[in-house]
file run.cif (mmCIF, N, CA and C atoms)
data_entry
#
loop_
_atom_site.label_atom_id
_atom_site.label_comp_id
_atom_site.auth_asym_id
_atom_site.auth_seq_id
_atom_site.Cartn_x
_atom_site.Cartn_y
_atom_site.Cartn_z
N MET A 213 102.61 192.47 12.88
CA MET A 213 103.10 192.62 14.24
C MET A 213 101.92 192.43 15.20
N SER A 214 102.13 191.67 16.23
CA SER A 214 101.04 191.37 17.14
C SER A 214 100.88 192.39 18.26
N LEU A 215 101.94 193.09 18.62
CA LEU A 215 101.85 194.07 19.70
C LEU A 215 102.36 195.43 19.22
N ASP A 216 101.74 196.48 19.72
CA ASP A 216 102.20 197.85 19.46
C ASP A 216 103.17 198.21 20.58
N VAL A 217 104.44 197.94 20.35
CA VAL A 217 105.46 198.11 21.38
C VAL A 217 105.99 199.53 21.34
N SER A 218 105.93 200.19 22.48
CA SER A 218 106.45 201.56 22.57
C SER A 218 107.97 201.54 22.47
N PRO A 219 108.57 202.64 22.03
CA PRO A 219 110.04 202.71 21.99
C PRO A 219 110.66 202.47 23.37
N ALA A 220 110.02 202.96 24.42
CA ALA A 220 110.57 202.77 25.77
C ALA A 220 110.57 201.29 26.17
N LEU A 221 109.50 200.57 25.83
CA LEU A 221 109.43 199.15 26.18
C LEU A 221 110.43 198.35 25.34
N LEU A 222 110.57 198.70 24.08
CA LEU A 222 111.55 198.04 23.23
C LEU A 222 112.97 198.29 23.76
N GLU A 223 113.22 199.50 24.19
CA GLU A 223 114.54 199.83 24.76
C GLU A 223 114.80 199.00 26.02
N GLN A 224 113.77 198.85 26.84
CA GLN A 224 113.90 198.02 28.04
C GLN A 224 114.30 196.59 27.66
N ALA A 225 113.63 196.05 26.64
CA ALA A 225 113.92 194.68 26.20
C ALA A 225 115.34 194.57 25.65
N GLU A 226 115.78 195.60 24.95
CA GLU A 226 117.14 195.58 24.40
C GLU A 226 118.20 195.64 25.50
N ARG A 227 117.86 196.29 26.63
CA ARG A 227 118.80 196.41 27.74
C ARG A 227 118.84 195.15 28.60
N GLY A 228 117.78 194.38 28.58
CA GLY A 228 117.74 193.17 29.41
C GLY A 228 116.36 192.89 29.93
N GLU A 229 116.19 192.94 31.22
CA GLU A 229 114.91 192.61 31.85
C GLU A 229 113.83 193.62 31.51
N VAL A 230 112.62 193.11 31.36
CA VAL A 230 111.45 193.95 31.04
C VAL A 230 110.50 193.94 32.23
N ASP A 231 109.98 195.10 32.55
CA ASP A 231 108.98 195.23 33.60
C ASP A 231 107.70 194.54 33.11
N GLU A 232 107.29 193.49 33.82
CA GLU A 232 106.12 192.72 33.36
C GLU A 232 104.85 193.56 33.34
N ALA A 233 104.70 194.48 34.28
CA ALA A 233 103.50 195.33 34.28
C ALA A 233 103.45 196.17 33.00
N ALA A 234 104.59 196.64 32.55
CA ALA A 234 104.63 197.41 31.30
C ALA A 234 104.29 196.51 30.12
N PHE A 235 104.77 195.28 30.15
CA PHE A 235 104.44 194.33 29.08
C PHE A 235 102.94 194.03 29.07
N VAL A 236 102.37 193.79 30.24
CA VAL A 236 100.93 193.51 30.34
C VAL A 236 100.13 194.70 29.83
N ASP A 237 100.58 195.91 30.14
CA ASP A 237 99.89 197.09 29.63
C ASP A 237 99.98 197.17 28.11
N CYS A 238 101.11 196.77 27.56
CA CYS A 238 101.27 196.73 26.10
C CYS A 238 100.29 195.73 25.50
N VAL A 239 100.12 194.59 26.12
CA VAL A 239 99.15 193.59 25.66
C VAL A 239 97.74 194.17 25.75
N ARG A 240 97.42 194.82 26.86
CA ARG A 240 96.08 195.40 27.04
C ARG A 240 95.75 196.39 25.93
N THR A 241 96.69 197.26 25.59
CA THR A 241 96.41 198.28 24.59
C THR A 241 96.52 197.74 23.16
N SER A 242 97.35 196.73 22.95
CA SER A 242 97.54 196.17 21.61
C SER A 242 96.46 195.17 21.21
N LEU A 243 95.93 194.46 22.18
CA LEU A 243 94.96 193.39 21.92
C LEU A 243 93.69 193.64 22.75
N PRO A 244 92.98 194.74 22.48
CA PRO A 244 91.85 195.11 23.34
C PRO A 244 90.70 194.10 23.35
N TYR A 245 90.44 193.45 22.24
CA TYR A 245 89.36 192.45 22.23
C TYR A 245 89.74 191.26 23.13
N ALA A 246 90.95 190.76 22.95
CA ALA A 246 91.40 189.62 23.76
C ALA A 246 91.43 190.00 25.24
N TRP A 247 91.95 191.19 25.52
CA TRP A 247 92.01 191.66 26.91
C TRP A 247 90.61 191.74 27.51
N GLY A 248 89.70 192.34 26.76
CA GLY A 248 88.32 192.48 27.25
C GLY A 248 87.66 191.13 27.48
N MET A 249 87.89 190.19 26.57
CA MET A 249 87.32 188.85 26.72
C MET A 249 87.83 188.19 27.99
N ILE A 250 89.14 188.20 28.18
CA ILE A 250 89.72 187.53 29.34
C ILE A 250 89.34 188.23 30.63
N SER A 251 89.39 189.55 30.65
CA SER A 251 89.05 190.26 31.90
C SER A 251 87.58 190.08 32.24
N SER A 252 86.70 190.01 31.24
CA SER A 252 85.28 189.79 31.55
C SER A 252 85.05 188.38 32.09
N LEU A 253 85.79 187.41 31.58
CA LEU A 253 85.67 186.05 32.11
C LEU A 253 86.19 185.97 33.54
N VAL A 254 87.28 186.66 33.81
CA VAL A 254 87.82 186.69 35.18
C VAL A 254 86.80 187.32 36.12
N ASP A 255 86.18 188.43 35.70
CA ASP A 255 85.16 189.08 36.52
C ASP A 255 83.98 188.13 36.76
N ARG A 256 83.57 187.41 35.72
CA ARG A 256 82.45 186.48 35.86
C ARG A 256 82.80 185.33 36.79
N LEU A 257 84.03 184.82 36.69
CA LEU A 257 84.46 183.74 37.57
C LEU A 257 84.45 184.20 39.03
N LYS A 258 84.94 185.42 39.27
CA LYS A 258 84.95 185.96 40.63
C LYS A 258 83.54 186.18 41.16
N ALA A 259 82.65 186.66 40.32
CA ALA A 259 81.27 186.95 40.74
C ALA A 259 80.45 185.68 40.95
N ASP A 260 80.59 184.74 40.01
CA ASP A 260 79.75 183.54 40.04
C ASP A 260 80.38 182.38 40.80
N GLY A 261 81.70 182.40 40.95
CA GLY A 261 82.37 181.25 41.55
C GLY A 261 82.36 180.09 40.57
N GLY A 262 82.44 178.91 41.07
CA GLY A 262 82.42 177.74 40.21
C GLY A 262 83.82 177.33 39.78
N GLU A 263 83.85 176.32 38.92
CA GLU A 263 85.12 175.75 38.49
C GLU A 263 85.78 176.53 37.38
N PHE A 264 85.00 177.21 36.54
CA PHE A 264 85.58 177.99 35.46
C PHE A 264 84.51 178.89 34.85
N ALA A 265 84.97 179.84 34.04
CA ALA A 265 84.08 180.68 33.24
C ALA A 265 84.60 180.63 31.82
N ASP A 266 83.69 180.51 30.85
CA ASP A 266 84.14 180.43 29.47
C ASP A 266 83.26 181.24 28.54
N ASN A 267 83.80 181.49 27.36
CA ASN A 267 83.10 182.20 26.31
C ASN A 267 82.83 181.21 25.18
N GLN A 268 81.61 181.22 24.66
CA GLN A 268 81.29 180.35 23.52
C GLN A 268 80.76 181.15 22.34
N THR A 269 80.87 182.46 22.40
CA THR A 269 80.41 183.32 21.31
C THR A 269 81.59 183.63 20.39
N PRO A 270 81.45 183.33 19.09
CA PRO A 270 82.55 183.63 18.17
C PRO A 270 82.88 185.12 18.14
N PRO A 271 84.12 185.47 17.88
CA PRO A 271 84.50 186.87 17.77
C PRO A 271 83.71 187.55 16.65
N PRO A 272 83.52 188.86 16.74
CA PRO A 272 82.70 189.56 15.75
C PRO A 272 83.35 189.67 14.37
N ASP A 273 84.67 189.56 14.30
CA ASP A 273 85.35 189.69 13.00
C ASP A 273 86.73 189.04 13.08
N GLU A 274 87.41 189.03 11.95
CA GLU A 274 88.72 188.39 11.87
C GLU A 274 89.78 189.09 12.72
N GLN A 275 89.67 190.40 12.85
CA GLN A 275 90.64 191.13 13.67
C GLN A 275 90.54 190.67 15.13
N ALA A 276 89.32 190.55 15.63
CA ALA A 276 89.12 190.09 17.00
C ALA A 276 89.61 188.65 17.16
N ARG A 277 89.29 187.82 16.20
CA ARG A 277 89.74 186.42 16.24
C ARG A 277 91.27 186.36 16.28
N GLY A 278 91.90 187.19 15.47
CA GLY A 278 93.36 187.24 15.44
C GLY A 278 93.95 187.65 16.78
N GLN A 279 93.27 188.57 17.45
CA GLN A 279 93.76 189.00 18.77
C GLN A 279 93.74 187.85 19.77
N LEU A 280 92.65 187.08 19.76
CA LEU A 280 92.59 185.93 20.67
C LEU A 280 93.69 184.92 20.35
N LEU A 281 93.87 184.66 19.06
CA LEU A 281 94.91 183.70 18.67
C LEU A 281 96.29 184.18 19.09
N ARG A 282 96.59 185.47 18.88
CA ARG A 282 97.90 185.99 19.25
C ARG A 282 98.10 185.95 20.77
N ALA A 283 97.07 186.32 21.52
CA ALA A 283 97.20 186.35 22.97
C ALA A 283 97.40 184.96 23.56
N LEU A 284 96.69 183.99 23.03
CA LEU A 284 96.73 182.66 23.64
C LEU A 284 97.76 181.73 23.02
N ALA A 285 98.26 182.07 21.85
CA ALA A 285 99.27 181.23 21.21
C ALA A 285 100.69 181.62 21.64
N SER A 286 100.85 182.80 22.18
CA SER A 286 102.17 183.25 22.63
C SER A 286 102.37 182.85 24.09
N ASN A 287 103.41 182.08 24.34
CA ASN A 287 103.68 181.68 25.72
C ASN A 287 103.91 182.90 26.61
N ALA A 288 104.69 183.88 26.13
CA ALA A 288 104.99 185.06 26.94
C ALA A 288 103.73 185.84 27.28
N ILE A 289 102.87 186.04 26.29
CA ILE A 289 101.63 186.79 26.54
C ILE A 289 100.72 186.00 27.45
N ARG A 290 100.51 184.76 27.12
CA ARG A 290 99.60 183.92 27.90
C ARG A 290 100.06 183.80 29.36
N ASP A 291 101.34 183.53 29.56
CA ASP A 291 101.86 183.39 30.92
C ASP A 291 101.71 184.70 31.70
N SER A 292 101.99 185.81 31.05
CA SER A 292 101.85 187.12 31.73
C SER A 292 100.41 187.40 32.09
N LEU A 293 99.49 187.07 31.19
CA LEU A 293 98.07 187.27 31.49
C LEU A 293 97.63 186.39 32.65
N GLU A 294 98.09 185.16 32.68
CA GLU A 294 97.74 184.27 33.79
C GLU A 294 98.25 184.83 35.12
N ARG A 295 99.47 185.31 35.13
CA ARG A 295 100.01 185.89 36.37
C ARG A 295 99.26 187.17 36.74
N HIS A 296 98.99 188.02 35.76
CA HIS A 296 98.31 189.28 36.03
C HIS A 296 96.92 189.06 36.62
N PHE A 297 96.16 188.16 36.02
CA PHE A 297 94.78 187.94 36.47
C PHE A 297 94.68 186.87 37.56
N GLY A 298 95.74 186.12 37.80
CA GLY A 298 95.70 185.08 38.83
C GLY A 298 94.81 183.92 38.47
N VAL A 299 94.86 183.52 37.20
CA VAL A 299 94.04 182.41 36.70
C VAL A 299 94.89 181.53 35.79
N ARG A 300 94.29 180.41 35.39
CA ARG A 300 94.87 179.59 34.33
C ARG A 300 93.95 179.73 33.12
N LEU A 301 94.53 179.90 31.96
CA LEU A 301 93.77 180.07 30.73
C LEU A 301 93.72 178.76 29.96
N ALA A 302 92.60 178.50 29.33
CA ALA A 302 92.45 177.35 28.45
C ALA A 302 91.79 177.85 27.17
N PHE A 303 92.04 177.17 26.07
CA PHE A 303 91.60 177.67 24.77
C PHE A 303 91.23 176.51 23.87
N GLN A 304 90.06 176.60 23.25
CA GLN A 304 89.62 175.62 22.26
C GLN A 304 89.15 176.38 21.03
N ASN A 305 89.38 175.83 19.88
CA ASN A 305 88.96 176.44 18.61
C ASN A 305 89.47 177.86 18.50
N CYS A 306 88.68 178.71 17.89
CA CYS A 306 89.15 180.08 17.65
C CYS A 306 88.53 181.07 18.63
N HIS A 307 87.69 180.59 19.52
CA HIS A 307 87.00 181.55 20.39
C HIS A 307 86.69 181.04 21.78
N ARG A 308 86.71 179.78 22.01
CA ARG A 308 86.30 179.28 23.32
C ARG A 308 87.45 179.41 24.30
N VAL A 309 87.44 180.53 24.98
CA VAL A 309 88.44 180.83 26.00
C VAL A 309 87.81 180.53 27.35
N ALA A 310 88.58 179.95 28.24
CA ALA A 310 88.10 179.68 29.59
C ALA A 310 89.14 180.13 30.59
N VAL A 311 88.67 180.58 31.73
CA VAL A 311 89.56 180.91 32.84
C VAL A 311 89.22 179.99 34.01
N PHE A 312 90.26 179.47 34.61
CA PHE A 312 90.14 178.57 35.75
C PHE A 312 90.89 179.18 36.92
N PRO A 313 90.35 179.08 38.13
CA PRO A 313 91.09 179.57 39.29
C PRO A 313 92.36 178.75 39.50
N LEU A 314 93.27 179.29 40.27
CA LEU A 314 94.52 178.59 40.57
C LEU A 314 94.31 177.45 41.56
N ASP A 315 93.13 177.31 42.08
CA ASP A 315 92.79 176.29 43.07
C ASP A 315 93.00 174.88 42.51
N PRO A 316 93.82 174.06 43.17
CA PRO A 316 94.04 172.69 42.70
C PRO A 316 92.76 171.85 42.67
N ALA A 317 91.73 172.28 43.38
CA ALA A 317 90.48 171.52 43.40
C ALA A 317 89.83 171.47 42.02
N VAL A 318 90.19 172.37 41.11
CA VAL A 318 89.59 172.36 39.76
C VAL A 318 90.53 171.75 38.72
N ASP A 319 91.64 171.18 39.16
CA ASP A 319 92.59 170.59 38.22
C ASP A 319 91.94 169.53 37.33
N GLU A 320 91.09 168.70 37.90
CA GLU A 320 90.44 167.66 37.11
C GLU A 320 89.53 168.27 36.04
N ARG A 321 88.81 169.33 36.39
CA ARG A 321 87.93 169.98 35.42
C ARG A 321 88.75 170.64 34.31
N LEU A 322 89.86 171.26 34.66
CA LEU A 322 90.75 171.85 33.66
C LEU A 322 91.30 170.75 32.74
N ALA A 323 91.68 169.63 33.30
CA ALA A 323 92.20 168.52 32.50
C ALA A 323 91.14 168.02 31.52
N ARG A 324 89.89 167.93 31.96
CA ARG A 324 88.81 167.50 31.05
C ARG A 324 88.60 168.52 29.94
N PHE A 325 88.64 169.81 30.28
CA PHE A 325 88.43 170.87 29.30
C PHE A 325 89.52 170.84 28.23
N THR A 326 90.75 170.60 28.64
CA THR A 326 91.87 170.65 27.71
C THR A 326 92.24 169.29 27.12
N SER A 327 91.44 168.29 27.39
CA SER A 327 91.74 166.94 26.89
C SER A 327 91.38 166.80 25.41
N ILE A 328 91.88 165.74 24.82
CA ILE A 328 91.53 165.42 23.43
C ILE A 328 90.02 165.25 23.32
N ARG A 329 89.43 164.54 24.28
CA ARG A 329 87.98 164.34 24.27
C ARG A 329 87.24 165.67 24.32
N GLY A 330 87.69 166.57 25.22
CA GLY A 330 87.06 167.89 25.32
C GLY A 330 87.15 168.66 24.02
N GLN A 331 88.31 168.57 23.37
CA GLN A 331 88.48 169.25 22.08
C GLN A 331 87.51 168.69 21.05
N LEU A 332 87.43 167.38 20.97
CA LEU A 332 86.54 166.76 19.98
C LEU A 332 85.08 167.08 20.24
N LEU A 333 84.68 167.11 21.49
CA LEU A 333 83.28 167.40 21.82
C LEU A 333 82.92 168.86 21.56
N ASN A 334 83.91 169.72 21.41
CA ASN A 334 83.66 171.14 21.16
C ASN A 334 83.66 171.48 19.67
N GLN A 335 83.66 170.49 18.82
CA GLN A 335 83.67 170.72 17.37
C GLN A 335 82.24 170.87 16.84
N SER A 336 82.12 171.67 15.80
CA SER A 336 80.85 171.78 15.09
C SER A 336 81.14 172.28 13.69
N PRO A 337 80.25 172.03 12.74
CA PRO A 337 80.48 172.50 11.37
C PRO A 337 80.63 174.02 11.28
N GLU A 338 79.99 174.77 12.16
CA GLU A 338 80.08 176.23 12.14
C GLU A 338 81.48 176.72 12.47
N LEU A 339 82.26 175.91 13.14
CA LEU A 339 83.58 176.33 13.58
C LEU A 339 84.71 175.84 12.67
N ARG A 340 84.40 175.27 11.56
CA ARG A 340 85.43 174.71 10.68
C ARG A 340 86.42 175.75 10.17
N ASP A 341 85.97 176.98 9.94
CA ASP A 341 86.84 177.99 9.36
C ASP A 341 87.53 178.86 10.39
N CYS A 342 87.41 178.52 11.64
CA CYS A 342 88.04 179.39 12.63
C CYS A 342 89.47 179.00 12.88
#
call {"tool": "encode", "arguments": {"input": "run.cif", "output": "structure tokens"}}
result
Amino acid sequence: MSLDVSPALLEQAERGEVDEAAFVDCVRTSLPYAWGMISSLVDRLKADGGEFADNQTPPPDEQARGQLLRALASNAIRDSLERHFGVRLAFQNCHRVAVFPLDPAVDERLARFTSIRGQLLNQSPELRDC
């Protein structure tokens, strides 16, 4: 299971609409490594400015790696995180997470980061098992 869903949140989902803030809090508590990675990148982007902020340090263990994969592979989680933090998320390999502002002026940079070329240029033998 990827999220530790409280009985109250599960009941909300069974009834219909779910409070997104409650869902985001569930993600925060269930995936603390992924949450910390993304929130630190958002803080860095706000502090430093620029077109994006990214992480290039591999996760410390498989549990952390799994959290990043679950957070960024799920459309619901990823979309909620983007709305919560007010950014666009991009992901390469098993650890290279980037946050981009919503500003259309960085659309070209985001497109380069998420392109086939960008993916290929981010490969290395050390990352084969991620």
call {"tool": "closest_residue", "arguments": {"input": "run.cif", "among": "A:Leu293, A:Val217, A:Ala259, A:Val309", "to": "Leu280 (chain A)", "atoms": "only C-alpha atoms"}}
result
A:Val309
call {"tool": "resolve_selection", "arguments": {"input": "run.cif", "expression": "the PyMOL selection byres ((chain A and resi 315-321) around 8)", "output": "list in words"}}
result
Gly262, Glu263, Phe264, Gly298, Val299, Arg300, Phe312, Pro313, Leu314, Leu322, Ala323, Arg324, Phe325, Thr326 and Ser327 of chain A
call {"tool": "write_last_selection", "arguments": {"input": "run.cif", "atoms": "N, CA and C atoms", "output": "compact mmCIF listing (two decimals), keeping the file's coordinate frame"}}
result
# COMPACT_ATOMS: atom_id res chain seq x y z
N GLY A 262 82.44 178.91 41.07
CA GLY A 262 82.42 177.74 40.21
C GLY A 262 83.82 177.33 39.78
N GLU A 263 83.85 176.32 38.92
CA GLU A 263 85.12 175.75 38.49
C GLU A 263 85.78 176.53 37.38
N PHE A 264 85.00 177.21 36.54
CA PHE A 264 85.58 177.99 35.46
C PHE A 264 84.51 178.89 34.85
N GLY A 298 95.74 186.12 37.80
CA GLY A 298 95.70 185.08 38.83
C GLY A 298 94.81 183.92 38.47
N VAL A 299 94.86 183.52 37.20
CA VAL A 299 94.04 182.41 36.70
C VAL A 299 94.89 181.53 35.79
N ARG A 300 94.29 180.41 35.39
CA ARG A 300 94.87 179.59 34.33
C ARG A 300 93.95 179.73 33.12
N PHE A 312 90.26 179.47 34.61
CA PHE A 312 90.14 178.57 35.75
C PHE A 312 90.89 179.18 36.92
N PRO A 313 90.35 179.08 38.13
CA PRO A 313 91.09 179.57 39.29
C PRO A 313 92.36 178.75 39.50
N LEU A 314 93.27 179.29 40.27
CA LEU A 314 94.52 178.59 40.57
C LEU A 314 94.31 177.45 41.56
N LEU A 322 89.86 171.26 34.66
CA LEU A 322 90.75 171.85 33.66
C LEU A 322 91.30 170.75 32.74
N ALA A 323 91.68 169.63 33.30
CA ALA A 323 92.20 168.52 32.50
C ALA A 323 91.14 168.02 31.52
N ARG A 324 89.89 167.93 31.96
CA ARG A 324 88.81 167.50 31.05
C ARG A 324 88.60 168.52 29.94
N PHE A 325 88.64 169.81 30.28
CA PHE A 325 88.43 170.87 29.30
C PHE A 325 89.52 170.84 28.23
N THR A 326 90.75 170.60 28.64
CA THR A 326 91.87 170.65 27.71
C THR A 326 92.24 169.29 27.12
N SER A 327 91.44 168.29 27.39
CA SER A 327 91.74 166.94 26.89
C SER A 327 91.38 166.80 25.41
call {"tool": "resolve_selection", "arguments": {"input": "run.cif", "expression": "the PyMOL selection byres ((chain A and resi 229-239) around 8)", "output": "ChimeraX atom specification"}}
result
/A:214-218,221,223-228,240-244,246-247,283,289,292-293,296
call {"tool": "write_last_selection", "arguments": {"input": "run.cif", "atoms": "N, CA and C atoms", "output": "CSV table (one decimal), in the frame of the given file"}}
result
chain,number,residue,atom,x,y,z
A,214,SER,N,102.1,191.7,16.2
A,214,SER,CA,101.0,191.4,17.1
A,214,SER,C,100.9,192.4,18.3
A,215,LEU,N,101.9,193.1,18.6
A,215,LEU,CA,101.8,194.1,19.7
A,215,LEU,C,102.4,195.4,19.2
A,216,ASP,N,101.7,196.5,19.7
A,216,ASP,CA,102.2,197.8,19.5
A,216,ASP,C,103.2,198.2,20.6
A,217,VAL,N,104.4,197.9,20.4
A,217,VAL,CA,105.5,198.1,21.4
A,217,VAL,C,106.0,199.5,21.3
A,218,SER,N,105.9,200.2,22.5
A,218,SER,CA,106.4,201.6,22.6
A,218,SER,C,108.0,201.5,22.5
A,221,LEU,N,109.5,200.6,25.8
A,221,LEU,CA,109.4,199.2,26.2
A,221,LEU,C,110.4,198.4,25.3
A,223,GLU,N,113.2,199.5,24.2
A,223,GLU,CA,114.5,199.8,24.8
A,223,GLU,C,114.8,199.0,26.0
A,224,GLN,N,113.8,198.8,26.8
A,224,GLN,CA,113.9,198.0,28.0
A,224,GLN,C,114.3,196.6,27.7
A,225,ALA,N,113.6,196.0,26.6
A,225,ALA,CA,113.9,194.7,26.2
A,225,ALA,C,115.3,194.6,25.6
A,226,GLU,N,115.8,195.6,25.0
A,226,GLU,CA,117.1,195.6,24.4
A,226,GLU,C,118.2,195.6,25.5
A,227,ARG,N,117.9,196.3,26.6
A,227,ARG,CA,118.8,196.4,27.7
A,227,ARG,C,118.8,195.2,28.6
A,228,GLY,N,117.8,194.4,28.6
A,228,GLY,CA,117.7,193.2,29.4
A,228,GLY,C,116.4,192.9,29.9
A,240,ARG,N,97.4,194.8,26.9
A,240,ARG,CA,96.1,195.4,27.0
A,240,ARG,C,95.8,196.4,25.9
A,241,THR,N,96.7,197.3,25.6
A,241,THR,CA,96.4,198.3,24.6
A,241,THR,C,96.5,197.7,23.2
A,242,SER,N,97.4,196.7,23.0
A,242,SER,CA,97.5,196.2,21.6
A,242,SER,C,96.5,195.2,21.2
A,243,LEU,N,95.9,194.5,22.2
A,243,LEU,CA,95.0,193.4,21.9
A,243,LEU,C,93.7,193.6,22.8
A,244,PRO,N,93.0,194.7,22.5
A,244,PRO,CA,91.8,195.1,23.3
A,244,PRO,C,90.7,194.1,23.4
A,246,ALA,N,91.0,190.8,23.0
A,246,ALA,CA,91.4,189.6,23.8
A,246,ALA,C,91.4,190.0,25.2
A,247,TRP,N,92.0,191.2,25.5
A,247,TRP,CA,92.0,191.7,26.9
A,247,TRP,C,90.6,191.7,27.5
A,283,ALA,N,97.1,186.3,21.5
A,283,ALA,CA,97.2,186.4,23.0
A,283,ALA,C,97.4,185.0,23.6
A,289,ILE,N,102.9,186.0,26.3
A,289,ILE,CA,101.6,186.8,26.5
A,289,ILE,C,100.7,186.0,27.4
A,292,SER,N,102.0,185.8,31.0
A,292,SER,CA,101.8,187.1,31.7
A,292,SER,C,100.4,187.4,32.1
A,293,LEU,N,99.5,187.1,31.2
A,293,LEU,CA,98.1,187.3,31.5
A,293,LEU,C,97.6,186.4,32.6
A,296,HIS,N,99.0,188.0,35.8
A,296,HIS,CA,98.3,189.3,36.0
A,296,HIS,C,96.9,189.1,36.6
call {"tool": "resolve_selection", "arguments": {"input": "run.cif", "expression": "the PyMOL selection byres ((chain A and resi 266) around 6.5)", "output": "PyMOL selection string"}}
result
chain A and resi 253+264-265+267-268+308-311
call {"tool": "select_by_dssp", "arguments": {"input": "run.cif", "residues": "chain A", "states": "strand (DSSP E)", "output": "list in words"}}
result
Ala265, Asp266, Val299, Arg300, Leu301, Ala302, Phe303, Gln304, Arg308, Val309, Ala310, Val311, Phe312 and Pro313 of chain A
call {"tool": "write_last_selection", "arguments": {"input": "run.cif", "atoms": "N, CA and C atoms", "output": "PDB file, keeping the file's coordinate frame"}}
result
ATOM      1  N   ALA A 265      84.970 179.840  34.040  1.00  0.00           N
ATOM      2  CA  ALA A 265      84.080 180.680  33.240  1.00  0.00           C
ATOM      3  C   ALA A 265      84.600 180.630  31.820  1.00  0.00           C
ATOM      4  N   ASP A 266      83.690 180.510  30.850  1.00  0.00           N
ATOM      5  CA  ASP A 266      84.140 180.430  29.470  1.00  0.00           C
ATOM      6  C   ASP A 266      83.260 181.240  28.540  1.00  0.00           C
ATOM      7  N   VAL A 299      94.860 183.520  37.200  1.00  0.00           N
ATOM      8  CA  VAL A 299      94.040 182.410  36.700  1.00  0.00           C
ATOM      9  C   VAL A 299      94.890 181.530  35.790  1.00  0.00           C
ATOM     10  N   ARG A 300      94.290 180.410  35.390  1.00  0.00           N
ATOM     11  CA  ARG A 300      94.870 179.590  34.330  1.00  0.00           C
ATOM     12  C   ARG A 300      93.950 179.730  33.120  1.00  0.00           C
ATOM     13  N   LEU A 301      94.530 179.900  31.960  1.00  0.00           N
ATOM     14  CA  LEU A 301      93.770 180.070  30.730  1.00  0.00           C
ATOM     15  C   LEU A 301      93.720 178.760  29.960  1.00  0.00           C
ATOM     16  N   ALA A 302      92.600 178.500  29.330  1.00  0.00           N
ATOM     17  CA  ALA A 302      92.450 177.350  28.450  1.00  0.00           C
ATOM     18  C   ALA A 302      91.790 177.850  27.170  1.00  0.00           C
ATOM     19  N   PHE A 303      92.040 177.170  26.070  1.00  0.00           N
ATOM     20  CA  PHE A 303      91.600 177.670  24.770  1.00  0.00           C
ATOM     21  C   PHE A 303      91.230 176.510  23.870  1.00  0.00           C
ATOM     22  N   GLN A 304      90.060 176.600  23.250  1.00  0.00           N
ATOM     23  CA  GLN A 304      89.620 175.620  22.260  1.00  0.00           C
ATOM     24  C   GLN A 304      89.150 176.380  21.030  1.00  0.00           C
ATOM     25  N   ARG A 308      86.710 179.780  22.010  1.00  0.00           N
ATOM     26  CA  ARG A 308      86.300 179.280  23.320  1.00  0.00           C
ATOM     27  C   ARG A 308      87.450 179.410  24.300  1.00  0.00           C
ATOM     28  N   VAL A 309      87.440 180.530  24.980  1.00  0.00           N
ATOM     29  CA  VAL A 309      88.440 180.830  26.000  1.00  0.00           C
ATOM     30  C   VAL A 309      87.810 180.530  27.350  1.00  0.00           C
ATOM     31  N   ALA A 310      88.580 179.950  28.240  1.00  0.00           N
ATOM     32  CA  ALA A 310      88.100 179.680  29.590  1.00  0.00           C
ATOM     33  C   ALA A 310      89.140 180.130  30.590  1.00  0.00           C
ATOM     34  N   VAL A 311      88.670 180.580  31.730  1.00  0.00           N
ATOM     35  CA  VAL A 311      89.560 180.910  32.840  1.00  0.00           C
ATOM     36  C   VAL A 311      89.220 179.990  34.010  1.00  0.00           C
ATOM     37  N   PHE A 312      90.260 179.470  34.610  1.00  0.00           N
ATOM     38  CA  PHE A 312      90.140 178.570  35.750  1.00  0.00           C
ATOM     39  C   PHE A 312      90.890 179.180  36.920  1.00  0.00           C
ATOM     40  N   PRO A 313      90.350 179.080  38.130  1.00  0.00           N
ATOM     41  CA  PRO A 313      91.090 179.570  39.290  1.00  0.00           C
ATOM     42  C   PRO A 313      92.360 178.750  39.500  1.00  0.00           C
TER      43      PRO A 313
END
call {"tool": "atom_distance", "arguments": {"input": "run.cif", "atom1": "CA of Pro219 (chain A)", "atom2": "CA of Glu274 (chain A)"}}
result
27.6 Å
call {"tool": "atom_distance", "arguments": {"input": "run.cif", "atom1": "atom C of Tyr245 (chain A)", "atom2": "atom C of Leu281 (chain A)"}}
result
10.5 Å
